[in-house]
$ cat my_file-v8.txt   # compact mmCIF, C-alpha atoms and all ligand atoms
# COMPACT_ATOMS: atom_id res chain seq x y z
CA MET G 19 13.86 26.65 25.02
CA MET G 20 13.05 25.82 21.40
CA LYS G 21 14.18 22.37 20.32
CA GLN G 22 14.60 20.92 16.87
CA GLN G 23 13.86 17.37 15.81
CA SER G 24 14.64 15.72 12.52
CA LEU G 25 12.88 12.55 11.43
CA HIS G 26 14.72 9.57 10.05
CA ILE G 27 13.06 7.23 7.56
CA VAL G 28 14.79 4.27 5.93
CA THR G 29 13.63 3.08 2.50
CA ARG G 30 15.27 0.48 0.29
CA ILE G 31 15.28 1.06 -3.47
CA PHE G 32 15.41 -1.70 -6.07
CA GLY G 33 15.69 -1.45 -9.85
CA LYS G 34 13.66 -4.50 -10.80
CA LEU G 35 11.35 -7.11 -9.34
CA GLY G 36 13.90 -9.94 -9.55
CA GLU G 37 16.06 -8.17 -6.94
CA LEU G 38 13.40 -8.66 -4.27
CA PRO G 39 13.02 -11.78 -2.11
CA GLU G 40 10.72 -14.45 -3.61
CA ARG G 41 7.92 -13.78 -1.08
CA ASP G 42 7.84 -10.10 -2.10
CA ILE G 43 7.81 -10.95 -5.82
CA ASN G 44 4.74 -13.10 -5.22
CA LEU G 45 2.98 -10.31 -3.32
CA VAL G 46 3.73 -7.76 -6.07
CA ASN G 47 2.39 -10.19 -8.68
CA ARG G 48 -0.83 -10.56 -6.69
CA ALA G 49 -1.13 -6.75 -6.56
CA LEU G 50 -0.60 -6.61 -10.34
CA GLU G 51 -3.37 -9.16 -10.89
CA ALA G 52 -5.66 -7.14 -8.63
CA ALA G 53 -4.85 -3.90 -10.49
CA ARG G 54 -5.95 -5.47 -13.77
CA GLU G 55 -9.37 -6.14 -12.26
CA ALA G 56 -9.91 -2.66 -10.79
CA PHE G 57 -13.11 -0.80 -11.59
CA ALA G 58 -11.70 2.55 -12.72
CA PRO G 59 -13.60 3.68 -15.85
CA TYR G 60 -13.48 7.36 -14.85
CA SER G 61 -9.76 7.82 -14.20
CA GLY G 62 -8.27 4.97 -16.24
CA TYR G 63 -5.89 4.59 -13.28
CA HIS G 64 -5.92 0.99 -12.04
CA VAL G 65 -4.43 0.31 -8.61
CA GLY G 66 -3.93 -3.06 -6.92
CA ALA G 67 -2.95 -3.82 -3.33
CA ALA G 68 -1.94 -7.18 -1.89
CA LEU G 69 -1.62 -7.81 1.84
CA LEU G 70 0.25 -10.60 3.58
CA LEU G 71 -1.37 -11.40 6.93
CA ALA G 72 0.40 -12.83 9.97
CA GLY G 73 -1.37 -16.18 9.39
CA GLY G 74 0.08 -16.45 5.84
CA GLU G 75 -3.15 -15.47 4.08
CA ILE G 76 -2.98 -13.03 1.17
CA VAL G 77 -5.81 -10.53 0.72
CA THR G 78 -6.03 -8.33 -2.37
CA GLY G 79 -8.04 -5.26 -3.32
CA ASN G 80 -8.30 -2.75 -6.15
CA ASN G 81 -9.79 0.69 -6.59
CA GLN G 82 -13.54 0.81 -6.99
CA GLU G 83 -14.79 3.99 -8.60
CA ASN G 84 -18.32 5.37 -8.80
CA VAL G 85 -20.03 7.89 -11.05
CA ALA G 86 -20.47 9.97 -7.89
CA PHE G 87 -16.68 10.34 -7.74
CA PRO G 88 -16.13 10.76 -3.96
CA SER G 89 -18.10 7.56 -3.32
CA GLY G 90 -15.31 5.45 -4.81
CA LEU G 91 -12.49 3.97 -2.76
CA CYS G 92 -8.75 3.41 -3.23
CA ALA G 93 -7.27 -0.07 -3.64
CA GLU G 94 -5.37 0.13 -0.36
CA ARG G 95 -8.47 0.79 1.73
CA VAL G 96 -10.56 -1.80 -0.13
CA ALA G 97 -7.90 -4.42 0.74
CA LEU G 98 -7.30 -3.25 4.32
CA PHE G 99 -10.97 -3.00 5.23
CA TYR G 100 -11.67 -6.39 3.71
CA ALA G 101 -8.79 -7.90 5.71
CA GLY G 102 -10.13 -6.18 8.84
CA SER G 103 -13.60 -7.61 8.30
CA ARG G 104 -12.59 -11.13 7.23
CA TYR G 105 -9.55 -11.63 9.53
CA PRO G 106 -10.08 -9.14 12.37
CA GLY G 107 -7.41 -10.53 14.69
CA LEU G 108 -4.59 -10.86 12.19
CA ALA G 109 -1.80 -8.32 11.69
CA VAL G 110 -0.94 -7.21 8.17
CA ILE G 111 2.81 -7.71 7.94
CA ARG G 112 3.46 -6.69 4.34
CA MET G 113 1.62 -4.73 1.67
CA ALA G 114 2.43 -4.35 -2.04
CA ILE G 115 0.89 -1.58 -4.15
CA VAL G 116 0.95 -1.30 -7.96
CA ALA G 117 -0.62 1.25 -10.34
CA MET G 118 -1.40 1.08 -14.06
CA LYS G 119 -2.41 3.97 -16.29
CA ASP G 120 -4.34 2.95 -19.42
CA GLY G 121 -3.09 -0.62 -19.04
CA ILE G 122 0.60 0.24 -18.55
CA VAL G 123 2.33 -0.28 -15.21
CA GLN G 124 3.61 3.05 -13.90
CA GLU G 125 7.40 3.50 -14.01
CA SER G 126 7.65 5.32 -10.69
CA PRO G 127 6.47 3.63 -7.53
CA VAL G 128 2.89 4.48 -6.61
CA THR G 129 2.61 6.48 -3.38
CA PRO G 130 -0.62 6.04 -1.41
CA CYS G 131 -2.90 9.00 -0.69
CA GLY G 132 -3.08 10.56 2.76
CA ALA G 133 -6.39 8.90 3.68
CA CYS G 134 -4.96 5.45 2.88
CA ARG G 135 -1.85 6.21 4.92
CA GLN G 136 -4.06 7.04 7.89
CA VAL G 137 -5.85 3.67 7.55
CA MET G 138 -2.51 1.87 7.05
CA ILE G 139 -0.98 3.23 10.24
CA GLU G 140 -4.02 2.37 12.34
CA GLN G 141 -4.02 -1.18 10.94
CA GLU G 142 -0.32 -1.40 11.79
CA SER G 143 -0.88 -0.21 15.32
CA ARG G 144 -3.84 -2.61 15.79
CA GLY G 145 -1.77 -5.53 14.53
CA GLY G 146 1.15 -4.76 16.83
CA LEU G 147 3.70 -5.66 14.14
CA PRO G 148 5.48 -3.48 11.58
CA MET G 149 3.76 -3.46 8.18
CA GLU G 150 6.37 -3.37 5.42
CA VAL G 151 5.15 -1.45 2.38
CA ILE G 152 6.34 -2.28 -1.14
CA LEU G 153 5.66 0.55 -3.60
CA TYR G 154 6.09 -0.94 -7.02
CA GLY G 155 7.13 0.83 -10.22
CA SER G 156 8.54 -0.81 -13.35
CA ARG G 157 11.73 1.30 -13.12
CA GLU G 158 11.96 1.63 -9.36
CA ILE G 159 10.65 -0.29 -6.37
CA ARG G 160 10.71 1.36 -2.99
CA VAL G 161 10.34 -0.61 0.23
CA ILE G 162 9.36 1.16 3.45
CA GLU G 163 10.06 -0.63 6.72
CA ARG G 164 6.85 0.30 8.50
CA ALA G 165 3.64 2.07 7.52
CA ALA G 166 4.13 4.66 10.28
CA ASP G 167 7.10 6.02 8.30
CA LEU G 168 4.67 7.14 5.59
CA LEU G 169 2.69 9.43 7.88
CA PRO G 170 4.52 11.38 10.53
CA PHE G 171 2.34 13.08 13.16
CA PRO G 172 -0.87 11.17 12.31
CA PHE G 173 -4.23 11.72 13.97
CA ILE G 174 -4.39 9.19 16.84
CA HIS G 175 -6.42 11.02 19.51
CA LEU G 176 -10.08 10.64 20.32
N1 LIG W 201 -6.07 5.44 -6.15
C1 LIG W 201 -5.82 4.30 -5.47
O1 LIG W 201 -6.59 3.33 -5.54
N2 LIG W 201 -4.70 4.25 -4.69
C2 LIG W 201 -3.76 5.22 -4.63
O2 LIG W 201 -2.76 5.06 -3.95
C3 LIG W 201 -3.94 6.46 -5.39
C4 LIG W 201 -5.24 6.62 -6.10
C5 LIG W 201 -7.24 5.47 -7.05
C6 LIG W 201 -8.36 6.38 -6.67
C7 LIG W 201 -9.02 6.61 -8.00
O3 LIG W 201 -9.89 5.53 -8.31
C8 LIG W 201 -7.87 6.57 -9.00
O4 LIG W 201 -6.82 5.86 -8.33
C9 LIG W 201 -7.37 7.94 -9.44
O5 LIG W 201 -7.06 8.74 -8.35

$ encode --input "my_file-v8.txt" --output "structure tokens"
Amino acid sequence: MMKQQSLHIVTRIFGKLGELPERDINLVNRALEAAREAFAPYSGYHVGAALLLAGGEIVTGNNQENVAFPSGLCAERVALFYAGSRYPGLAVIRMAIVAMKDGIVQESPVTPCGACRQVMIEQESRGGLPMEVILYGSREIRVIERAADLLPFPFIHL
């Protein structure tokens, strides 16, 4: 018999940074700093990601482009892979992502690409703790409870 399933995802929406808890404001500010230092001469789209690890460390990353376009990498994966190499045993418990176009912070929250979502959910599963994701925009901030909510039915088999 055919069955139907609907998926339920909870996100919290804020209008401005000051409405978030202090710890989240700090993480968003670190992502903003990282975005300013991105290497994105080809797209002019600067993205920053800041990760809070279970040990309290903060790791940041930004997009790194290359003249051979597909060789570049998104901010989220730069940060996550660095965290994985530098602090292999530590869960990432929170991640803030910010994007700037031609020096101006985007109004709508940035939403990570599919490849980054795949890396985020595997990091979350490795860490064994939910990874809260803060998608920052200057007019709207969206907070997702766990990375897995961003990618239903991911590839997990091998
Ligand atoms: N980019 C990111 O770094 N993160 C995202 O979530 C979306 C896209 C980068 C890739 C490329 O350097 C530029 O933004 C334009 O796509």

$ closest_atom_pairs --input "my_file-v8.txt" --of "chain G" --to "ligand LIG 201 (chain W)" --cutoff "8 Å" --atoms "only C-alpha atoms and all ligand atoms" --output "tab-separated table"
residue	atom	partner	partner_atom	distance
G:Phe57	CA	W:LIG201	O3	7.8
G:Ala58	CA	W:LIG201	O3	5.6
G:Tyr60	CA	W:LIG201	O3	7.7
G:Ser61	CA	W:LIG201	C9	5.3
G:Gly62	CA	W:LIG201	C8	7.4
G:Tyr63	CA	W:LIG201	C8	5.1
G:His64	CA	W:LIG201	O4	6.2
G:Val65	CA	W:LIG201	O1	4.8
G:Gly66	CA	W:LIG201	O1	7.1
G:Asn80	CA	W:LIG201	O1	6.3
G:Asn81	CA	W:LIG201	O1	4.3
G:Gln82	CA	W:LIG201	O3	6.1
G:Glu83	CA	W:LIG201	O3	5.1
G:Gly90	CA	W:LIG201	O3	6.5
G:Leu91	CA	W:LIG201	C6	6.2
G:Cys92	CA	W:LIG201	O1	3.2
G:Ala93	CA	W:LIG201	O1	4.0
G:Glu94	CA	W:LIG201	N2	6.0
G:Arg95	CA	W:LIG201	O1	7.9
G:Ile115	CA	W:LIG201	O2	7.6
G:Ala117	CA	W:LIG201	N2	7.6
G:Val128	CA	W:LIG201	O2	6.3
G:Thr129	CA	W:LIG201	O2	5.6
G:Pro130	CA	W:LIG201	O2	3.5
G:Cys131	CA	W:LIG201	O2	5.1
G:Cys134	CA	W:LIG201	O2	7.2

$ atom_distance --input "my_file-v8.txt" --atom1 "atom CA of G:Val77" --atom2 "atom CA of G:Lys119"
22.6 Å

$ closest_residue --input "my_file-v8.txt" --among "G:Ala97, G:Leu168, G:Ala67, G:Ile159" --to "G:Ser126" --atoms "all atoms listed in the file"
G:Ile159

$ closest_residue --input "my_file-v8.txt" --among "G:Phe171, G:Leu70, G:Thr78, G:Leu98" --to "G:Glu55" --atoms "all atoms listed in the file"
G:Thr78

$ closest_residue --input "my_file-v8.txt" --among "G:Ile162, G:Val96, G:Ile43, G:Leu108" --to "G:Met149" --atoms "only C-alpha atoms"
G:Ile162

$ residues_around --input "my_file-v8.txt" --residues "G:Gly74" --least-positions-apart "5" --cutoff "10 Å" --atoms "only C-alpha atoms" --output "short mmCIF file (atom, residue, chain, number, x, y, z; two decimals) with C-alpha atoms, in the frame of the given file"
data_model
loop_
_atom_site.label_atom_id
_atom_site.label_comp_id
_atom_site.auth_asym_id
_atom_site.auth_seq_id
_atom_site.Cartn_x
_atom_site.Cartn_y
_atom_site.Cartn_z
CA LEU G 69 -1.62 -7.81 1.84
CA LEU G 108 -4.59 -10.86 12.19
CA VAL G 110 -0.94 -7.21 8.17
CA ILE G 111 2.81 -7.71 7.94
#

$ atom_distance --input "my_file-v8.txt" --atom1 "atom CA of G:Asn84" --atom2 "atom CA of G:Leu71"
28.6 Å

$ decode --input "my_file-v8.txt" --residues "stretch 88-113 of chain G" --atoms "N, CA, C and O atoms" --output "short mmCIF file (atom, residue, chain, number, x, y, z; two decimals), in the first residue's frame"
data_model
loop_
_atom_site.label_atom_id
_atom_site.label_comp_id
_atom_site.auth_asym_id
_atom_site.auth_seq_id
_atom_site.Cartn_x
_atom_site.Cartn_y
_atom_site.Cartn_z
N PRO G 88 36.02 25.78 -11.61
CA PRO G 88 35.59 24.68 -10.73
C PRO G 88 36.63 24.30 -9.68
O PRO G 88 36.33 23.54 -8.77
N SER G 89 37.84 24.83 -9.80
CA SER G 89 38.87 24.50 -8.80
C SER G 89 38.68 25.27 -7.50
O SER G 89 39.27 24.93 -6.48
N GLY G 90 37.88 26.32 -7.52
CA GLY G 90 37.64 27.10 -6.31
C GLY G 90 36.76 26.33 -5.33
O GLY G 90 36.24 25.25 -5.64
N LEU G 91 36.63 26.88 -4.12
CA LEU G 91 35.83 26.20 -3.09
C LEU G 91 35.02 27.21 -2.29
O LEU G 91 35.48 28.33 -2.02
N CYS G 92 33.82 26.78 -1.88
CA CYS G 92 32.93 27.63 -1.08
C CYS G 92 33.49 27.84 0.33
O CYS G 92 34.21 26.98 0.88
N ALA G 93 33.04 28.93 0.94
CA ALA G 93 33.45 29.28 2.30
C ALA G 93 33.13 28.17 3.31
O ALA G 93 33.94 27.86 4.19
N GLU G 94 31.96 27.59 3.17
CA GLU G 94 31.51 26.58 4.14
C GLU G 94 32.46 25.39 4.16
O GLU G 94 32.84 24.89 5.21
N ARG G 95 32.84 24.94 2.94
CA ARG G 95 33.72 23.76 2.90
C ARG G 95 35.14 24.11 3.28
O ARG G 95 35.84 23.29 3.90
N VAL G 96 35.59 25.32 2.97
CA VAL G 96 36.94 25.73 3.42
C VAL G 96 36.98 25.64 4.95
O VAL G 96 37.89 25.06 5.54
N ALA G 97 35.96 26.19 5.61
CA ALA G 97 35.93 26.21 7.09
C ALA G 97 35.78 24.79 7.66
O ALA G 97 36.50 24.40 8.58
N LEU G 98 34.86 24.02 7.09
CA LEU G 98 34.60 22.68 7.64
C LEU G 98 35.79 21.75 7.46
O LEU G 98 36.14 20.98 8.36
N PHE G 99 36.44 21.82 6.29
CA PHE G 99 37.58 20.93 6.07
C PHE G 99 38.77 21.37 6.91
O PHE G 99 39.55 20.54 7.37
N TYR G 100 38.91 22.67 7.12
CA TYR G 100 39.99 23.11 8.00
C TYR G 100 39.73 22.62 9.43
O TYR G 100 40.64 22.09 10.08
N ALA G 101 38.49 22.76 9.89
CA ALA G 101 38.15 22.29 11.25
C ALA G 101 38.42 20.78 11.36
O ALA G 101 38.96 20.31 12.36
N GLY G 102 38.05 20.05 10.30
CA GLY G 102 38.25 18.60 10.31
C GLY G 102 39.73 18.22 10.34
O GLY G 102 40.11 17.20 10.92
N SER G 103 40.56 19.05 9.72
CA SER G 103 41.99 18.71 9.70
C SER G 103 42.71 19.18 10.96
O SER G 103 43.59 18.52 11.47
N ARG G 104 42.28 20.31 11.50
CA ARG G 104 42.97 20.89 12.67
C ARG G 104 42.44 20.31 13.99
O ARG G 104 43.18 20.12 14.93
N TYR G 105 41.12 20.06 14.05
CA TYR G 105 40.47 19.55 15.27
C TYR G 105 39.63 18.32 14.93
O TYR G 105 38.39 18.37 15.01
N PRO G 106 40.25 17.23 14.52
CA PRO G 106 39.49 16.10 13.97
C PRO G 106 38.46 15.49 14.91
O PRO G 106 37.44 15.01 14.47
N GLY G 107 38.69 15.56 16.21
CA GLY G 107 37.76 14.90 17.13
C GLY G 107 36.62 15.78 17.61
O GLY G 107 35.74 15.33 18.34
N LEU G 108 36.62 17.03 17.24
CA LEU G 108 35.66 17.96 17.83
C LEU G 108 34.43 18.20 16.95
O LEU G 108 34.56 18.48 15.76
N ALA G 109 33.25 18.11 17.58
CA ALA G 109 32.00 18.38 16.86
C ALA G 109 31.90 19.87 16.55
O ALA G 109 32.41 20.70 17.30
N VAL G 110 31.25 20.17 15.44
CA VAL G 110 30.91 21.57 15.13
C VAL G 110 29.48 21.77 15.63
O VAL G 110 28.56 21.10 15.16
N ILE G 111 29.30 22.64 16.60
CA ILE G 111 27.95 22.75 17.18
C ILE G 111 27.15 23.93 16.62
O ILE G 111 25.93 23.99 16.78
N ARG G 112 27.82 24.86 15.97
CA ARG G 112 27.09 26.00 15.40
C ARG G 112 27.89 26.55 14.23
O ARG G 112 29.11 26.55 14.25
N MET G 113 27.17 27.03 13.21
CA MET G 113 27.85 27.56 12.03
C MET G 113 27.09 28.80 11.57
O MET G 113 25.86 28.78 11.45
#
